[in-house]
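A short worksheet on the structure shown next.
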Protein chains: 2
Amino acid sequence: MSKNLKLKAARAERDMTQKALADAAGVSRQTINAIEQGEYNPTIKLCLTICRALGKTLDELFWEDEEDETI
Amino acid sequence: MSKNLKLKAARAERDMTQKALADAAGVSRQTINAIEQGEYNPTIKLCLTICRALGKTLDELFWEDEEDETI
DNA sequence: ACATGATGTAATATATACTTGATATTATAT
DNA sequence: ATATAATATCAAGTATATATTACATCATGT
């Protein structure tokens, strides 16, 4: 999995720390970090919560163009 | 979790069975059924694969408005 | 009536998302 | 120089997404 820089950028745009976003989303700081680092494949529910916390859509933060997926 | 009727409709629109979509997405038929029935909270990667198989976006198939906050 | 395809469920098993608690590093401020 | 905040990462535990196997129902066709 590749890093999610769109998420990192959206967070920066709102001046939120990983911890602040984690609290807003009701998950741990490590979980947000792991998603940004591309270590976790988050659930759609968590993605939706993160989108709402950052005022973005699923497509804006989580859409990926084909690429080498290796599921 | 509530049912995902948008997914069911998009599948019908393409005249695909749950099994056909499952095969296209590389998961079991029961997994597709569980997602449609709202029993599972799928991973974003699976959502992306399903979207590509059906020619839809994440927002079209998986966006949910706030959910029932139980006043 | 019978066969078949599509769907809805259920039970048990495994992989992995996510937690908690810790340490290390880097940047910024004092 | 030294605190402190933010990030990165690790290890061990819990919760749940997904697989597999199986069975029941409903529809459509023969």
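Going by the structure tokens order, chains are called A, B, ..., each with residues numbered from 1, while ligands are numbered from 1 in the order shown.
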
query: Quick one: residues within 10 Å of range 13-29 of chain D, only C-alpha atoms (C1' of nucleotides) counted, chain neighbours fewer than 3 positions away excluded, as a PyMOL selection string?
result: (chain A and resi 43) or (chain B and resi 27-28+30-31+40-43) or (chain C and resi 3-20)

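The residues of chain A lying at most 8 Å from chain B, with only C-alpha atoms taken into account, are Asn41, Pro42, Thr43, Ile44, Lys45, Cys47, Leu48, Thr57, Leu58, Asp59, Phe62, Trp63, Glu64 and Ile71 of chain A.
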
For the residues in that selection, give me N, CA and C atoms as a PDB file, in the first residue's frame.
ATOM      1  N   ASN A  41      -5.202  -0.625   5.785  1.00  0.00           N
ATOM      2  CA  ASN A  41      -6.252  -0.556   4.784  1.00  0.00           C
ATOM      3  C   ASN A  41      -7.523  -0.299   5.586  1.00  0.00           C
ATOM      4  N   PRO A  42      -7.836   0.974   5.867  1.00  0.00           N
ATOM      5  CA  PRO A  42      -8.922   1.287   6.810  1.00  0.00           C
ATOM      6  C   PRO A  42     -10.304   0.843   6.337  1.00  0.00           C
ATOM      7  N   THR A  43     -11.241   0.758   7.254  1.00  0.00           N
ATOM      8  CA  THR A  43     -12.615   0.407   6.895  1.00  0.00           C
ATOM      9  C   THR A  43     -13.301   1.648   6.333  1.00  0.00           C
ATOM     10  N   ILE A  44     -14.334   1.411   5.522  1.00  0.00           N
ATOM     11  CA  ILE A  44     -15.067   2.516   4.902  1.00  0.00           C
ATOM     12  C   ILE A  44     -15.704   3.410   5.964  1.00  0.00           C
ATOM     13  N   LYS A  45     -16.099   2.825   7.068  1.00  0.00           N
ATOM     14  CA  LYS A  45     -16.728   3.607   8.133  1.00  0.00           C
ATOM     15  C   LYS A  45     -15.742   4.613   8.706  1.00  0.00           C
ATOM     16  N   CYS A  47     -13.100   5.742   7.156  1.00  0.00           N
ATOM     17  CA  CYS A  47     -12.844   6.713   6.081  1.00  0.00           C
ATOM     18  C   CYS A  47     -13.916   7.790   6.070  1.00  0.00           C
ATOM     19  N   LEU A  48     -15.164   7.390   6.218  1.00  0.00           N
ATOM     20  CA  LEU A  48     -16.275   8.350   6.229  1.00  0.00           C
ATOM     21  C   LEU A  48     -16.143   9.308   7.406  1.00  0.00           C
ATOM     22  N   THR A  57     -14.591  14.737   0.727  1.00  0.00           N
ATOM     23  CA  THR A  57     -15.370  13.585   0.283  1.00  0.00           C
ATOM     24  C   THR A  57     -14.468  12.356   0.218  1.00  0.00           C
ATOM     25  N   LEU A  58     -15.105  11.199   0.094  1.00  0.00           N
ATOM     26  CA  LEU A  58     -14.351   9.943  -0.038  1.00  0.00           C
ATOM     27  C   LEU A  58     -13.447  10.022  -1.262  1.00  0.00           C
ATOM     28  N   ASP A  59     -14.002  10.490  -2.373  1.00  0.00           N
ATOM     29  CA  ASP A  59     -13.214  10.558  -3.605  1.00  0.00           C
ATOM     30  C   ASP A  59     -12.014  11.478  -3.450  1.00  0.00           C
ATOM     31  N   PHE A  62      -9.709   9.360  -0.656  1.00  0.00           N
ATOM     32  CA  PHE A  62      -9.375   7.939  -0.765  1.00  0.00           C
ATOM     33  C   PHE A  62      -9.413   7.312  -2.154  1.00  0.00           C
ATOM     34  N   TRP A  63      -9.751   8.085  -3.172  1.00  0.00           N
ATOM     35  CA  TRP A  63      -9.760   7.487  -4.504  1.00  0.00           C
ATOM     36  C   TRP A  63      -8.327   7.245  -4.944  1.00  0.00           C
ATOM     37  N   GLU A  64      -8.101   6.094  -5.564  1.00  0.00           N
ATOM     38  CA  GLU A  64      -6.768   5.786  -6.082  1.00  0.00           C
ATOM     39  C   GLU A  64      -6.923   5.349  -7.523  1.00  0.00           C
ATOM     40  N   ILE A  71      -3.384  -6.656  -4.086  1.00  0.00           N
ATOM     41  CA  ILE A  71      -4.296  -6.817  -2.942  1.00  0.00           C
ATOM     42  C   ILE A  71      -3.820  -7.904  -2.008  1.00  0.00           C
TER      43      ILE A  71
END

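A least-squares superposition of chain A onto chain B that uses all C-alpha atoms in sequence order produces an RMSD of 2.1 Å.
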
- prompt: Hey, can you check how far CA of Ser2 in chain B sits from CA of Leu61 in chain B?
  reply: 13.2 Å

- request: Just need the residues of chain A within 9 Å of chain D, counting only C-alpha atoms (C1' of nucleotides), so spit them out as a ChimeraX atom specification.
  value: /A:17-19,33,43

message: as an MDAnalysis selection string, please: every residue in range 13-60 of chain A that DSSP puts in helix (DSSP H, G or I).
response: chainID A and resid 13 18:25 29:37 44:54 58:60
